[in-house]
file entry33.cif (mmCIF, C-alpha atoms and all ligand atoms)
data_data
#
loop_
_atom_site.label_atom_id
_atom_site.label_comp_id
_atom_site.auth_asym_id
_atom_site.auth_seq_id
_atom_site.Cartn_x
_atom_site.Cartn_y
_atom_site.Cartn_z
CA MET A 1 0.00 0.00 0.00
CA LYS A 2 1.23 3.52 -0.85
CA ILE A 3 0.36 5.96 1.93
CA LEU A 4 0.71 9.75 2.12
CA VAL A 5 1.09 11.10 5.66
CA THR A 6 0.71 14.78 6.46
CA ASN A 7 -0.31 16.93 9.43
CA ASP A 8 -0.76 20.49 10.64
CA ASP A 9 1.49 20.36 13.73
CA GLY A 10 4.58 20.39 11.52
CA ILE A 11 7.23 17.97 10.32
CA SER A 12 8.89 17.62 13.74
CA SER A 13 5.69 16.80 15.63
CA PRO A 14 5.89 13.45 17.50
CA GLY A 15 2.32 12.60 16.44
CA LEU A 16 3.30 12.64 12.77
CA TRP A 17 6.11 10.17 13.34
CA ALA A 18 3.94 8.01 15.63
CA ALA A 19 1.59 7.69 12.63
CA VAL A 20 4.50 6.85 10.34
CA GLU A 21 5.83 4.15 12.69
CA ALA A 22 2.36 2.62 12.98
CA LEU A 23 1.76 2.56 9.22
CA ARG A 24 5.23 1.41 8.14
CA PRO A 25 4.41 -2.31 8.10
CA LEU A 26 1.58 -1.60 5.64
CA GLY A 27 3.68 -0.36 2.75
CA GLU A 28 5.57 2.58 1.29
CA LEU A 29 5.18 5.86 3.13
CA PHE A 30 5.49 9.40 1.84
CA VAL A 31 5.59 12.05 4.54
CA VAL A 32 4.86 15.52 3.18
CA ALA A 33 4.29 17.95 6.03
CA PRO A 34 4.57 21.67 6.83
CA ASP A 35 7.97 22.85 8.05
CA ARG A 36 6.28 24.50 11.06
CA GLU A 37 3.06 24.34 13.02
CA GLN A 38 0.00 25.29 10.96
CA SER A 39 -2.85 24.40 13.31
CA GLY A 40 -6.05 26.27 12.54
CA VAL A 41 -5.36 27.07 8.89
CA GLY A 42 -8.14 24.78 7.66
CA ALA A 43 -7.94 23.78 4.00
CA SER A 44 -6.12 26.97 2.95
CA LEU A 45 -3.64 26.99 0.07
CA THR A 46 -0.69 29.28 -0.65
CA LEU A 47 -1.59 30.92 -3.95
CA HIS A 48 0.36 34.18 -3.84
CA MET A 49 3.89 32.94 -3.38
CA PRO A 50 5.97 29.96 -4.41
CA ILE A 51 6.27 26.88 -2.19
CA ARG A 52 9.57 25.19 -1.44
CA ALA A 53 9.94 21.54 -0.41
CA SER A 54 13.09 19.91 0.97
CA GLN A 55 13.62 16.18 1.17
CA ILE A 56 14.72 15.32 4.71
CA ALA A 57 15.85 12.23 6.59
CA PRO A 58 12.77 10.50 8.09
CA LEU A 59 12.65 10.68 11.90
CA VAL A 60 12.03 6.95 12.27
CA SER A 61 13.74 4.33 14.37
CA GLY A 62 16.13 1.97 12.60
CA HIS A 63 16.51 1.97 8.83
CA CYS A 64 14.58 4.41 6.64
CA ASP A 65 13.69 1.97 3.85
CA GLY A 66 10.29 2.66 2.39
CA VAL A 67 9.87 6.05 4.09
CA HIS A 68 10.35 9.28 2.15
CA ALA A 69 9.95 12.65 3.84
CA PHE A 70 9.54 16.21 2.60
CA SER A 71 9.36 19.39 4.64
CA VAL A 72 7.23 22.00 2.92
CA GLU A 73 7.09 25.77 3.39
CA GLY A 74 3.33 25.79 3.24
CA THR A 75 0.00 24.78 4.71
CA PRO A 76 -1.27 21.22 5.25
CA GLY A 77 -3.44 21.75 2.16
CA ASP A 78 -0.35 22.79 0.15
CA CYS A 79 1.39 19.60 1.32
CA CYS A 80 -1.47 17.39 0.24
CA VAL A 81 -1.87 19.05 -3.17
CA LEU A 82 1.89 19.17 -3.80
CA ALA A 83 2.24 15.49 -2.85
CA LEU A 84 -0.70 14.16 -4.86
CA GLU A 85 -0.21 16.36 -7.92
CA HIS A 86 3.56 16.35 -8.15
CA LEU A 87 5.94 14.91 -5.53
CA VAL A 88 4.27 11.54 -4.95
CA GLY A 89 1.39 11.08 -7.38
CA GLU A 90 -1.36 8.54 -6.78
CA VAL A 91 -1.58 6.84 -3.39
CA ASP A 92 -3.90 4.27 -1.82
CA LEU A 93 -4.56 6.17 1.40
CA VAL A 94 -3.98 9.62 2.88
CA VAL A 95 -3.52 10.09 6.63
CA SER A 96 -3.36 13.44 8.44
CA GLY A 97 -2.13 13.51 12.04
CA ILE A 98 -1.78 12.32 14.63
CA ASN A 99 -2.85 15.78 15.78
CA LYS A 100 -2.24 17.15 19.24
CA GLY A 101 -5.68 18.34 20.33
CA SER A 102 -9.16 17.23 19.35
CA ASN A 103 -10.87 18.22 16.11
CA LEU A 104 -14.51 17.90 17.09
CA ALA A 105 -17.80 19.46 15.99
CA SER A 106 -17.37 22.79 14.13
CA ASP A 107 -13.62 22.70 14.79
CA VAL A 108 -13.37 20.66 11.58
CA ILE A 109 -13.91 23.91 9.64
CA LEU A 110 -10.71 25.44 11.07
CA SER A 111 -8.70 22.26 11.45
CA GLY A 112 -5.56 21.98 9.33
CA THR A 113 -5.55 18.26 10.12
CA VAL A 114 -8.97 17.85 8.50
CA GLY A 115 -8.23 20.61 5.95
CA ALA A 116 -5.40 18.61 4.39
CA THR A 117 -7.66 15.59 3.94
CA LEU A 118 -10.38 17.67 2.27
CA HIS A 119 -7.98 18.09 -0.66
CA SER A 120 -7.30 14.36 -0.91
CA TYR A 121 -10.96 13.43 -0.46
CA LEU A 122 -11.88 15.94 -3.18
CA ARG A 123 -9.50 14.04 -5.47
CA GLY A 124 -11.19 10.74 -4.64
CA TYR A 125 -8.61 9.34 -2.23
CA PRO A 126 -9.58 7.46 0.94
CA SER A 127 -8.55 9.82 3.73
CA ILE A 128 -8.21 9.66 7.49
CA ALA A 129 -7.78 12.64 9.82
CA ILE A 130 -6.78 11.56 13.33
CA SER A 131 -6.43 13.57 16.53
CA VAL A 132 -5.87 12.96 20.24
CA ALA A 133 -7.98 15.10 22.56
CA ALA A 134 -5.20 16.85 24.49
CA LEU A 135 -2.85 19.73 23.67
CA LYS A 136 -0.44 18.82 26.48
CA ASN A 137 0.96 15.46 27.57
CA THR A 138 -0.59 14.00 24.45
CA ARG A 139 -0.24 10.24 24.32
CA PHE A 140 -0.19 8.26 21.08
CA ASP A 141 -0.29 4.73 22.51
CA VAL A 142 -3.94 4.29 21.52
CA ALA A 143 -4.13 6.45 18.37
CA SER A 144 -1.03 4.91 16.85
CA PRO A 145 -2.08 1.21 16.88
CA LEU A 146 -5.64 2.30 16.09
CA LEU A 147 -4.39 3.93 12.90
CA ALA A 148 -2.65 0.72 11.83
CA VAL A 149 -5.78 -1.35 12.56
CA LEU A 150 -8.06 1.14 10.79
CA ALA A 151 -5.86 1.31 7.68
CA ASN A 152 -5.73 -2.47 7.61
CA GLU A 153 -9.49 -2.96 8.05
CA LEU A 154 -10.30 -0.33 5.45
CA GLU A 155 -7.86 -1.90 3.02
CA GLN A 156 -9.53 -5.30 3.58
CA ALA A 157 -12.88 -3.68 2.80
CA GLY A 158 -11.39 -2.27 -0.41
CA LEU A 159 -10.15 1.28 -0.77
CA ASP A 160 -12.05 1.90 -3.99
CA TRP A 161 -14.68 4.16 -2.45
CA PRO A 162 -13.72 7.71 -1.53
CA PHE A 163 -14.19 8.40 2.16
CA LEU A 164 -13.03 10.94 4.65
CA ILE A 165 -13.16 9.89 8.26
CA ASN A 166 -12.39 12.14 11.20
CA VAL A 167 -11.05 10.15 14.14
CA ASN A 168 -10.78 11.59 17.66
CA VAL A 169 -9.14 9.59 20.42
CA PRO A 170 -9.52 10.45 24.13
CA ASN A 171 -6.17 11.12 25.81
CA ASP A 172 -6.57 8.09 28.06
CA PRO A 173 -4.33 5.12 28.72
CA PRO A 174 -5.36 2.06 26.68
CA ASP A 175 -7.22 0.39 29.56
CA ALA A 176 -9.36 3.50 30.16
CA ILE A 177 -10.74 3.65 26.60
CA ALA A 178 -14.43 2.64 26.76
CA GLY A 179 -14.99 1.72 23.10
CA ILE A 180 -15.42 3.07 19.58
CA GLU A 181 -18.46 4.85 18.17
CA ILE A 182 -19.32 5.94 14.64
CA THR A 183 -20.65 9.44 15.21
CA ARG A 184 -21.95 12.64 13.62
CA LEU A 185 -20.43 16.06 14.23
CA GLY A 186 -21.65 17.79 17.36
CA ARG A 187 -22.41 21.50 17.51
CA LYS A 188 -20.35 22.46 20.53
CA SER A 189 -17.55 24.81 19.68
CA TRP A 190 -15.29 27.61 20.72
CA THR A 191 -15.58 31.20 19.73
CA GLU A 192 -12.78 33.67 19.88
CA THR A 193 -11.91 36.64 22.00
CA VAL A 194 -9.42 39.35 21.04
CA ARG A 195 -6.81 40.78 23.39
CA GLU A 196 -5.25 44.10 22.53
CA GLU A 197 -1.60 44.71 23.41
CA GLU A 198 0.88 47.40 22.55
CA ASP A 199 4.57 47.20 21.73
CA SER A 200 6.91 50.19 21.48
CA ARG A 201 5.51 51.14 18.08
CA ARG A 202 1.89 50.16 17.72
CA LYS A 203 -1.01 48.03 18.84
CA TYR A 204 -1.29 44.34 18.11
CA TYR A 205 -3.92 41.72 18.78
CA TRP A 206 -4.09 38.12 19.91
CA ILE A 207 -7.04 36.00 18.88
CA SER A 208 -7.73 33.15 21.32
CA ARG A 209 -10.27 30.37 20.96
CA ASN A 210 -11.28 30.42 24.58
CA ARG A 211 -15.05 30.91 24.79
CA ALA A 212 -17.09 27.74 24.73
CA ILE A 213 -20.51 27.83 23.06
CA GLY A 214 -23.21 25.20 22.75
CA GLU A 215 -25.17 22.95 25.03
CA GLU A 216 -24.70 19.43 26.33
CA GLU A 217 -24.05 17.20 23.35
CA PRO A 218 -26.51 14.41 22.62
CA VAL A 219 -25.47 10.76 22.33
CA GLY A 220 -24.26 9.99 18.83
CA THR A 221 -22.09 13.07 18.47
CA ASP A 222 -18.30 13.10 18.31
CA VAL A 223 -18.09 15.41 21.35
CA CYS A 224 -20.25 13.11 23.47
CA SER A 225 -18.20 10.03 22.55
CA VAL A 226 -14.87 11.59 23.46
CA GLU A 227 -16.29 13.02 26.71
CA ASN A 228 -17.32 9.46 27.56
CA HIS A 229 -13.81 8.13 26.89
CA LYS A 230 -14.78 6.55 23.60
CA ILE A 231 -12.98 6.82 20.28
CA SER A 232 -15.11 8.79 17.82
CA ILE A 233 -15.09 8.11 14.07
CA THR A 234 -17.13 10.53 11.92
CA PRO A 235 -17.56 10.20 8.16
CA LEU A 236 -17.29 13.70 6.64
CA ASP A 237 -18.21 15.40 3.39
CA PHE A 238 -17.94 18.96 2.01
CA ASP A 239 -21.65 19.38 1.85
CA LEU A 240 -22.47 22.15 4.30
CA THR A 241 -25.99 22.43 2.90
CA ARG A 242 -28.64 22.77 5.57
CA SER A 243 -31.14 20.57 3.74
CA ASP A 244 -33.93 21.05 6.26
CA GLN A 245 -34.05 24.78 5.40
CA ILE A 246 -34.22 24.48 1.60
CA HIS A 247 -38.01 24.42 1.59
CA THR A 248 -38.48 27.20 4.19
CA LEU A 249 -35.94 29.40 2.46
CA SER A 250 -37.58 28.95 -0.93
CA MET A 251 -40.86 30.08 0.64
CA VAL A 252 -39.30 33.06 2.42
CA LEU A 253 -37.39 34.19 -0.67
CA LYS A 254 -39.94 33.23 -3.33
CA ASP A 255 -40.41 36.81 -4.62
CA VAL A 256 -36.74 37.79 -4.64
CA TYR A 257 -36.11 37.16 -8.34
CA ASP A 258 -39.17 39.15 -9.46
CA ARG A 259 -38.18 41.99 -7.18
CA LEU A 260 -34.65 41.91 -8.55
CA LEU A 261 -35.99 42.21 -12.13
CA ARG A 262 -38.14 45.18 -11.10
CA LYS A 263 -35.22 46.79 -9.31
CA GLN A 264 -33.04 46.42 -12.42
CA ASP A 265 -35.81 48.02 -14.54
CA GLU A 266 -35.82 51.03 -12.20
CA LEU A 267 -32.07 51.62 -12.64
MN MN A 301 -2.64 20.78 15.03
#

call {"tool": "encode", "arguments": {"input": "entry33.cif", "output": "structure tokens", "more": "lines below"}}
Ligand code: MN
result
Amino acid sequence: MKILVTNDDGISSPGLWAAVEALRPLGELFVVAPDREQSGVGASLTLHMPIRASQIAPLVSGHCDGVHAFSVEGTPGDCCVLALEHLVGEVDLVVSGINKGSNLASDVILSGTVGATLHSYLRGYPSIAISVAALKNTRFDVASPLLAVLANELEQAGLDWPFLINVNVPNDPPDAIAGIEITRLGRKSWTETVREEEDSRRKYYWISRNRAIGEEEPVGTDVCSVENHKISITPLDFDLTRSDQIHTLSMVLKDVYDRLLRKQDEL
């Protein structure tokens, strides 16, 4: 199996190399990751400046056979596009992570971990985004073997259907994990506050994601699973359509086009 591994925590992040170690027995690995942390950049691409990539020695134990690594001056999305369109070409599976910190509910919109996989999923590649729910003292002793098992099971099932799964693992020791649930995205999220500071010349601002919004999450959501010490696996898609409002909105806005035509006639 040919596997592309990327992340948003950067090429030197231990989670990235924990993923690589776990997936090594499955085939040939191509690590294409940002040269620095890019958490929170979502699926963004660098379109206004060139991107440089340097081949580096893989940070793996023992020999490096079958592992190729590139450090990229760009976003996780850049890494994925650069790899699939140029550096690596077609692969059987794309993995992004293992991220430090959860990517739950509406966080998936901002997540660079998920953002990278949106580009591979869009191209029809089976894609896995994987995160551990802790920014500090993050442990990979559950996420890492889980990734190997998941990749194996999905390969057995055939990788000929495009999927994007978002995996979140509680930061618990293996014996404290209560199970695995296939979930939907919750709605709980963080909003931002802005702190104003001043240096010797001018003002500057820090945006922090530190204000929780949303209610208790119902059973079946990714947030609820992780809170209950269960691994959450959510199948994702780009479709942000709120289907239940299509009918209401067409009623509310039914005269808009006629009014637009009249407005244009007046001008
Ligand atoms: Mn990150």

call {"tool": "closest_atom_pairs", "arguments": {"input": "entry33.cif", "of": "chain A", "to": "ligand MN 301 (chain A)", "cutoff": "6 Å", "atoms": "all atoms listed in the file", "output": "tab-separated table"}}
result
residue	atom	partner	partner_atom	distance
A:Asp8	CA	A:MN301	MN	4.8
A:Asp9	CA	A:MN301	MN	4.4
A:Ser39	CA	A:MN301	MN	4.0
A:Asn99	CA	A:MN301	MN	5.1
A:Lys100	CA	A:MN301	MN	5.6

call {"tool": "write_last_selection", "arguments": {"input": "entry33.cif", "atoms": "C-alpha atoms", "output": "mmCIF file, in the coordinates of the input"}}
result
data_model
loop_
_atom_site.group_PDB
_atom_site.id
_atom_site.type_symbol
_atom_site.label_atom_id
_atom_site.label_comp_id
_atom_site.auth_asym_id
_atom_site.auth_seq_id
_atom_site.Cartn_x
_atom_site.Cartn_y
_atom_site.Cartn_z
ATOM 1 C CA ASP A 8 -0.760 20.490 10.640
ATOM 2 C CA ASP A 9 1.490 20.360 13.730
ATOM 3 C CA SER A 39 -2.850 24.400 13.310
ATOM 4 C CA ASN A 99 -2.850 15.780 15.780
ATOM 5 C CA LYS A 100 -2.240 17.150 19.240
#

call {"tool": "residues_around", "arguments": {"input": "entry33.cif", "residues": "region 229-245 of chain A", "least_positions_apart": "5", "cutoff": "8 Å", "atoms": "only C-alpha atoms", "output": "MDAnalysis selection string"}}
result
chainID A and resid 118 163:170 172 176:185 222

call {"tool": "closest_residue", "arguments": {"input": "entry33.cif", "among": "A:Pro76, A:Gly158, A:Pro218, A:Pro50", "to": "Met1 (chain A)", "atoms": "only C-alpha atoms"}}
result
A:Gly158

call {"tool": "residues_around", "arguments": {"input": "entry33.cif", "residues": "Arg209 (chain A)", "least_positions_apart": "4", "cutoff": "12 Å", "atoms": "all atoms listed in the file", "output": "count of residues only"}}
result
11

call {"tool": "closest_residue", "arguments": {"input": "entry33.cif", "among": "A:Ser225, A:Val31, A:Ser61, A:Val132", "to": "Ala83 (chain A)", "atoms": "only C-alpha atoms"}}
result
A:Val31

call {"tool": "closest_residue", "arguments": {"input": "entry33.cif", "among": "A:Arg262, A:Gly112, A:Asp78, A:Leu150", "to": "Leu47 (chain A)", "atoms": "only C-alpha atoms"}}
result
A:Asp78

call {"tool": "atom_distance", "arguments": {"input": "entry33.cif", "atom1": "CA of Pro174 (chain A)", "atom2": "CA of Val142 (chain A)"}}
result
5.8 Å

call {"tool": "atom_distance", "arguments": {"input": "entry33.cif", "atom1": "CA of Ile56 (chain A)", "atom2": "CA of Ala69 (chain A)"}}
result
5.5 Å

call {"tool": "closest_residue", "arguments": {"input": "entry33.cif", "among": "A:Gly124, A:Gly115, A:Pro162, A:Gly214", "to": "Lys188 (chain A)", "atoms": "only C-alpha atoms"}}
result
A:Gly214

call {"tool": "residues_around", "arguments": {"input": "entry33.cif", "residues": "region 12-20 of chain A", "least_positions_apart": "2", "cutoff": "6 Å", "atoms": "all atoms listed in the file", "output": "list in words"}}
result
Asp9, Gly10, Ala22, Leu23, Arg24, Gly97, Ile98 and Ser144 of chain A

call {"tool": "residues_around", "arguments": {"input": "entry33.cif", "residues": "Phe70 (chain A)", "least_positions_apart": "6", "cutoff": "6 Å", "atoms": "only C-alpha atoms", "output": "list in words"}}
result
Val32, Ser54, Gln55 and Ile56 of chain A

call {"tool": "atom_distance", "arguments": {"input": "entry33.cif", "atom1": "CA of Leu122 (chain A)", "atom2": "CA of His86 (chain A)"}}
result
16.2 Å

call {"tool": "residues_around", "arguments": {"input": "entry33.cif", "residues": "Ala151 (chain A)", "least_positions_apart": "6", "cutoff": "9 Å", "atoms": "only C-alpha atoms", "output": "list in words"}}
result
Leu23, Leu26, Leu93 and Ile128 of chain A

call {"tool": "closest_residue", "arguments": {"input": "entry33.cif", "among": "A:Asp141, A:Glu266, A:Glu155, A:Asp175", "to": "Glu21 (chain A)", "atoms": "all atoms listed in the file"}}
result
A:Asp141

call {"tool": "closest_residue", "arguments": {"input": "entry33.cif", "among": "A:Cys224, A:Ala148, A:Val81, A:Ala143", "to": "Ala105 (chain A)", "atoms": "all atoms listed in the file"}}
result
A:Cys224

call {"tool": "build_atoms", "arguments": {"input": "entry33.cif", "residues": "region 101-122 of chain A", "atoms": "N, CA and C atoms", "output": "compact mmCIF listing (two decimals), in the frame of the given file"}}
result
# COMPACT_ATOMS: atom_id res chain seq x y z
N GLY A 101 -4.46 17.56 20.10
CA GLY A 101 -5.68 18.34 20.33
C GLY A 101 -6.80 17.80 19.48
N SER A 102 -8.01 17.80 20.05
CA SER A 102 -9.16 17.23 19.35
C SER A 102 -9.55 18.10 18.16
N ASN A 103 -10.23 17.49 17.20
CA ASN A 103 -10.87 18.22 16.11
C ASN A 103 -12.31 17.75 16.05
N LEU A 104 -13.13 18.34 16.91
CA LEU A 104 -14.51 17.90 17.09
C LEU A 104 -15.48 18.99 16.63
N ALA A 105 -16.70 18.55 16.31
CA ALA A 105 -17.80 19.46 15.99
C ALA A 105 -17.34 20.49 14.95
N SER A 106 -17.68 21.78 15.16
CA SER A 106 -17.37 22.79 14.13
C SER A 106 -15.89 23.11 14.03
N ASP A 107 -15.08 22.55 14.93
CA ASP A 107 -13.62 22.70 14.79
C ASP A 107 -13.11 22.17 13.44
N VAL A 108 -13.86 21.25 12.83
CA VAL A 108 -13.37 20.66 11.58
C VAL A 108 -13.24 21.72 10.48
N ILE A 109 -13.99 22.83 10.63
CA ILE A 109 -13.91 23.91 9.64
C ILE A 109 -12.53 24.58 9.69
N LEU A 110 -12.00 24.74 10.90
CA LEU A 110 -10.71 25.44 11.07
C LEU A 110 -9.53 24.48 11.01
N SER A 111 -9.77 23.23 11.26
CA SER A 111 -8.70 22.26 11.45
C SER A 111 -7.81 22.10 10.21
N GLY A 112 -6.52 22.27 10.41
CA GLY A 112 -5.56 21.98 9.33
C GLY A 112 -5.43 20.48 9.12
N THR A 113 -5.61 19.73 10.20
CA THR A 113 -5.55 18.26 10.12
C THR A 113 -6.64 17.76 9.17
N VAL A 114 -7.86 18.23 9.38
CA VAL A 114 -8.97 17.85 8.50
C VAL A 114 -8.81 18.56 7.15
N GLY A 115 -8.37 19.82 7.18
CA GLY A 115 -8.23 20.61 5.95
C GLY A 115 -7.38 19.92 4.90
N ALA A 116 -6.28 19.32 5.33
CA ALA A 116 -5.40 18.61 4.39
C ALA A 116 -6.18 17.49 3.70
N THR A 117 -6.96 16.75 4.50
CA THR A 117 -7.66 15.59 3.94
C THR A 117 -8.84 15.99 3.04
N LEU A 118 -9.32 17.22 3.19
CA LEU A 118 -10.38 17.67 2.27
C LEU A 118 -9.85 17.69 0.84
N HIS A 119 -8.57 18.05 0.69
CA HIS A 119 -7.98 18.09 -0.66
C HIS A 119 -7.79 16.70 -1.23
N SER A 120 -7.46 15.73 -0.39
CA SER A 120 -7.30 14.36 -0.91
C SER A 120 -8.66 13.73 -1.18
N TYR A 121 -9.60 13.96 -0.29
CA TYR A 121 -10.96 13.43 -0.46
C TYR A 121 -11.59 13.98 -1.74
N LEU A 122 -11.37 15.29 -1.97
CA LEU A 122 -11.88 15.94 -3.18
C LEU A 122 -11.34 15.26 -4.44
